[in-house]
Amino acid sequence: MAEFYGNFGGLQRTCSLLVVVCVIHLSVVIVFYLRNFSTLARIPTPVLSLQHEPTLAPENSTRNSSALGTPEVDIRQGDNQTLQECPETPPRLEGPLHVDFSEPVKLDKLLKNPELSLGGRYMPSECVSQQKVAIIIPFRDREMHLKYWLYYMHPILQRQQLDYGVFVIEQDGDETFNRAKLLNVGYNEALKEYDYNCFVFSDVDLIPIDDRNLYKCYDQPRHLSVAMDKFGFQLPYNQYFGGVSSLSKEQYLKINGFPNNYWGWGGEDDDVYNRLSFRGMTISRPDHNIGKCKMIRHARDKLNQPNPQRFTRISRTRETMDTDGISSLEYSVVGWEKTRLYTKIVVDVGKAPHL
Ligand code: BGN
């Protein structure tokens, strides 16, 4: 009997120990559960401040398309890692840069950059960009300039931690050049590829010489090329909006995009400025030092002579802007090409009306 009670006491102690171990285990599980729950609760809900409208893209796009989910937090495929939003000030910026057009440049290193994907697409692997930026370059017959642009711009844009794509919009044929219409085409075509909410419109011959000049969108339309060497590093006039500018999708749609009827050099950027001010917007600009940029020198193109109609056109922006713009854009795609450095789209934008 005594032996029985002795064994029973041992059994009781073992049971008690088991209960204690279970309680500890349960507590650890509860603590872990609560900690994970509060981490999840801290992940911000997606806030897309820059775009709300549906895209204009037709559904019949044959090029590859992708659309990421939330901009703030993203779980990159494969490594199951939760990424946070990129900081307001990118940490790897260098400030003033050396940009030189006297020596030819080679693109072989860039072409091997595994972080660039087909079509000149990049997104930082370390964080989720705040904006999705389409860079639109109107183009014709400037291969050498494009080479410099790609050589200098890709590393800058990557240090700026942008989620971006480069679109070169080439005017086909030998009709007079139409810069603003090509920019409208770029906007429309870029949206067939990805859910871009910011558009940077850049001439192919302009390179910033300070990477703190961020190629993204702001609360107001942004003029980025504010201190060009060609103008003695000054703004030529206060309303100047040419060279490089950025508009969010919302800002762009508010002005019905750009005019389609400026054939030849000049005035289309002043028309855009008028549109912005008639819609109550102001121009945001970087500091004069940060906004310095260099232009590749060249002779005026034969097919881009000064447009004699520009003076009358810019005096009529108020009457024409609602009917002439992205809402009335007509063109046809003649061909396209994707490399790791850009998407090139060749387009027929029609003919200038004869006077
Ligand atoms: C202005 C042009 C702009 C051009 C800048 C800088 C016109 C309109 C008639 C006054 N505007 O004179 O289009 O970007 O020069 O070159 O010509």
# chains A, B, ... in the order shown; residues from 1 in each chain; ligands from 1
>>> closest_atom_pairs(of="chain A", to="ligand 1", cutoff="6 Å", atoms="only C-alpha atoms and all ligand atoms", output="Markdown table")
| residue | atom | partner | partner_atom_place_in_ligand_line | distance |
| --- | --- | --- | --- | --- |
| A:Gly242 | CA | ligand 1 | 14 (O) | 4.8 |
| A:Gly266 | CA | ligand 1 | 13 (O) | 3.4 |
| A:Gly267 | CA | ligand 1 | 13 (O) | 3.7 |
| A:Glu268 | CA | ligand 1 | 13 (O) | 5.8 |
| A:Asp269 | CA | ligand 1 | 13 (O) | 5.3 |
| A:Asp270 | CA | ligand 1 | 13 (O) | 6.0 |
| A:Arg310 | CA | ligand 1 | 8 (C) | 5.7 |
| A:Phe311 | CA | ligand 1 | 9 (C) | 5.1 |
>>> closest_atom_pairs(of="range 77-103 of chain A", to="range 153-162 of chain A", cutoff="7 Å", atoms="only C-alpha atoms", output="Markdown table")
| residue | atom | partner | partner_atom | distance |
| --- | --- | --- | --- | --- |
| A:Pro90 | CA | A:Gln160 | CA | 5.6 |
| A:Arg92 | CA | A:Arg159 | CA | 5.7 |
| A:Leu93 | CA | A:Arg159 | CA | 5.9 |
>>> select_by_dssp(residues="range 90-217 of chain A", states="alpha helix (DSSP H)", output="PyMOL selection string")
chain A and resi 108-111+143-159+179-193
>>> write_last_selection(atoms="C-alpha atoms", output="mmCIF file, in the first residue's frame")
data_model
loop_
_atom_site.group_PDB
_atom_site.id
_atom_site.type_symbol
_atom_site.label_atom_id
_atom_site.label_comp_id
_atom_site.auth_asym_id
_atom_site.auth_seq_id
_atom_site.Cartn_x
_atom_site.Cartn_y
_atom_site.Cartn_z
ATOM 1 C CA ASP A 108 27.582 47.026 -72.389
ATOM 2 C CA LYS A 109 27.760 47.194 -68.574
ATOM 3 C CA LEU A 110 24.214 48.555 -68.347
ATOM 4 C CA LEU A 111 22.944 45.911 -70.741
ATOM 5 C CA GLU A 143 20.602 57.524 -81.611
ATOM 6 C CA MET A 144 23.775 59.053 -80.166
ATOM 7 C CA HIS A 145 21.802 61.284 -77.792
ATOM 8 C CA LEU A 146 19.714 58.349 -76.660
ATOM 9 C CA LYS A 147 22.878 56.410 -75.902
ATOM 10 C CA TYR A 148 24.125 59.196 -73.598
ATOM 11 C CA TRP A 149 20.696 59.530 -72.008
ATOM 12 C CA LEU A 150 20.516 55.816 -71.190
ATOM 13 C CA TYR A 151 24.124 55.706 -70.016
ATOM 14 C CA TYR A 152 23.700 58.548 -67.531
ATOM 15 C CA MET A 153 20.038 58.222 -66.575
ATOM 16 C CA HIS A 154 19.599 54.561 -65.615
ATOM 17 C CA PRO A 155 22.110 54.702 -62.730
ATOM 18 C CA ILE A 156 20.615 58.011 -61.535
ATOM 19 C CA LEU A 157 17.043 56.696 -61.614
ATOM 20 C CA GLN A 158 18.117 53.555 -59.776
ATOM 21 C CA ARG A 159 19.826 55.561 -57.032
ATOM 22 C CA ARG A 179 6.824 66.691 -79.758
ATOM 23 C CA ALA A 180 3.674 67.173 -77.675
ATOM 24 C CA LYS A 181 1.657 64.611 -79.607
ATOM 25 C CA LEU A 182 4.455 62.071 -79.133
ATOM 26 C CA LEU A 183 4.288 62.771 -75.391
ATOM 27 C CA ASN A 184 0.550 62.037 -75.434
ATOM 28 C CA VAL A 185 1.248 58.793 -77.275
ATOM 29 C CA GLY A 186 3.841 57.890 -74.642
ATOM 30 C CA TYR A 187 1.343 58.467 -71.842
ATOM 31 C CA ASN A 188 -1.243 56.280 -73.550
ATOM 32 C CA GLU A 189 1.165 53.493 -74.483
ATOM 33 C CA ALA A 190 2.882 53.381 -71.084
ATOM 34 C CA LEU A 191 -0.460 52.759 -69.396
ATOM 35 C CA LYS A 192 -0.928 49.643 -71.507
ATOM 36 C CA GLU A 193 2.146 48.211 -69.826
#
>>> residues_around(residues="Phe241 in chain A", least_positions_apart="5", cutoff="9 Å", atoms="only C-alpha atoms", output="NGL selection string")
:A and (222-226 or 269-270 or 272-273 or 283)
>>> closest_residue(among="A:Gln131, A:Lys112, A:Ile255, A:Cys217", to="Ile326 in chain A", atoms="only C-alpha atoms")
A:Ile255
>>> closest_atom_pairs(of="range 137-211 of chain A", to="range 333-342 of chain A", cutoff="8 Å", atoms="only C-alpha atoms", output="CSV")
residue,atom,partner,partner_atom,distance
A:Leu150,CA,A:Leu341,CA,6.9
A:Gly165,CA,A:Tyr342,CA,7.3
A:Val166,CA,A:Tyr342,CA,5.0
A:Phe167,CA,A:Tyr342,CA,5.9
A:Val168,CA,A:Tyr342,CA,6.8
A:Asp172,CA,A:Val334,CA,7.6
>>> write_last_selection(atoms="C-alpha atoms", output="CSV table (one decimal), in the first residue's frame")
chain,number,residue,atom,x,y,z
A,150,LEU,CA,20.5,55.8,-71.2
A,165,GLY,CA,10.0,52.3,-67.2
A,166,VAL,CA,11.6,54.1,-70.1
A,167,PHE,CA,9.5,54.7,-73.2
A,168,VAL,CA,11.1,56.1,-76.4
A,172,ASP,CA,7.8,57.5,-88.1
>>> closest_residue(among="A:Glu250, A:Glu115, A:Asp301, A:Asp322", to="Asp219 in chain A", atoms="only C-alpha atoms")
A:Glu250
>>> atom_distance(atom1="CA of Phe201 in chain A", atom2="CA of His298 in chain A")
19.9 Å
>>> select_by_dssp(residues="range 257-330 of chain A", states="strand (DSSP E or B)", output="ChimeraX atom specification")
/A:265,284,292-295,306
>>> write_last_selection(atoms="all heavy atoms", output="mmCIF file, in the first residue's frame")
data_model
loop_
_atom_site.group_PDB
_atom_site.id
_atom_site.type_symbol
_atom_site.label_atom_id
_atom_site.label_comp_id
_atom_site.auth_asym_id
_atom_site.auth_seq_id
_atom_site.Cartn_x
_atom_site.Cartn_y
_atom_site.Cartn_z
ATOM 1 N N TRP A 265 9.024 73.254 -84.243
ATOM 2 C CA TRP A 265 9.634 73.692 -82.990
ATOM 3 C C TRP A 265 8.868 74.845 -82.318
ATOM 4 O O TRP A 265 8.489 75.813 -82.975
ATOM 5 C CB TRP A 265 11.095 74.123 -83.244
ATOM 6 C CG TRP A 265 11.783 74.554 -81.970
ATOM 7 C CD1 TRP A 265 12.492 73.760 -81.113
ATOM 8 C CD2 TRP A 265 11.786 75.867 -81.414
ATOM 9 N NE1 TRP A 265 12.939 74.507 -80.054
ATOM 10 C CE2 TRP A 265 12.520 75.806 -80.204
ATOM 11 C CE3 TRP A 265 11.231 77.086 -81.803
ATOM 12 C CZ2 TRP A 265 12.731 76.904 -79.379
ATOM 13 C CZ3 TRP A 265 11.442 78.193 -80.976
ATOM 14 C CH2 TRP A 265 12.189 78.101 -79.788
ATOM 15 N N SER A 284 5.926 73.484 -59.627
ATOM 16 C CA SER A 284 6.891 73.175 -58.569
ATOM 17 C C SER A 284 8.266 73.025 -59.242
ATOM 18 O O SER A 284 8.350 72.497 -60.356
ATOM 19 C CB SER A 284 6.415 71.886 -57.897
ATOM 20 O OG SER A 284 7.469 71.038 -57.595
ATOM 21 N N LYS A 292 20.304 71.869 -61.998
ATOM 22 C CA LYS A 292 21.221 72.118 -63.125
ATOM 23 C C LYS A 292 21.240 70.935 -64.092
ATOM 24 O O LYS A 292 21.228 69.778 -63.647
ATOM 25 C CB LYS A 292 22.645 72.336 -62.611
ATOM 26 C CG LYS A 292 22.850 73.713 -62.037
ATOM 27 C CD LYS A 292 24.299 73.929 -61.693
ATOM 28 C CE LYS A 292 24.492 75.355 -61.191
ATOM 29 N NZ LYS A 292 25.710 75.520 -60.435
ATOM 30 N N CYS A 293 21.289 71.227 -65.383
ATOM 31 C CA CYS A 293 21.396 70.122 -66.341
ATOM 32 C C CYS A 293 22.142 70.545 -67.595
ATOM 33 O O CYS A 293 22.293 71.743 -67.865
ATOM 34 C CB CYS A 293 20.038 69.545 -66.671
ATOM 35 S SG CYS A 293 18.864 70.749 -67.188
ATOM 36 N N LYS A 294 22.629 69.521 -68.310
ATOM 37 C CA LYS A 294 23.423 69.772 -69.519
ATOM 38 C C LYS A 294 22.662 69.299 -70.742
ATOM 39 O O LYS A 294 22.015 68.251 -70.705
ATOM 40 C CB LYS A 294 24.737 68.998 -69.439
ATOM 41 C CG LYS A 294 25.827 69.703 -68.707
ATOM 42 C CD LYS A 294 27.151 68.996 -68.988
ATOM 43 C CE LYS A 294 28.309 69.708 -68.340
ATOM 44 N NZ LYS A 294 29.561 68.955 -68.517
ATOM 45 N N MET A 295 22.823 70.065 -71.816
ATOM 46 C CA MET A 295 22.184 69.705 -73.063
ATOM 47 C C MET A 295 23.248 69.290 -74.075
ATOM 48 O O MET A 295 24.307 69.925 -74.160
ATOM 49 C CB MET A 295 21.416 70.922 -73.586
ATOM 50 C CG MET A 295 20.562 70.633 -74.743
ATOM 51 S SD MET A 295 19.750 72.164 -75.206
ATOM 52 C CE MET A 295 18.713 71.544 -76.471
ATOM 53 N N PRO A 306 11.090 76.069 -86.746
ATOM 54 C CA PRO A 306 10.149 76.818 -85.902
ATOM 55 C C PRO A 306 8.743 76.843 -86.516
ATOM 56 O O PRO A 306 8.592 77.037 -87.727
ATOM 57 C CB PRO A 306 10.764 78.214 -85.845
ATOM 58 C CG PRO A 306 12.219 77.970 -86.039
ATOM 59 C CD PRO A 306 12.329 76.801 -86.977
#
>>> residues_around(residues="Asn304 in chain A", least_positions_apart="6", cutoff="7 Å", atoms="only C-alpha atoms", output="list in words")
Thr176, Phe177, Gly264 and Trp265 of chain A
>>> atom_distance(atom1="CA of Pro259 in chain A", atom2="CA of Arg275 in chain A")
9.5 Å
>>> atom_distance(atom1="CA of Lys302 in chain A", atom2="CA of Arg140 in chain A")
11.5 Å
>>> residues_around(residues="Cys198 in chain A", least_positions_apart="5", cutoff="9 Å", atoms="only C-alpha atoms", output="count of residues only")
14
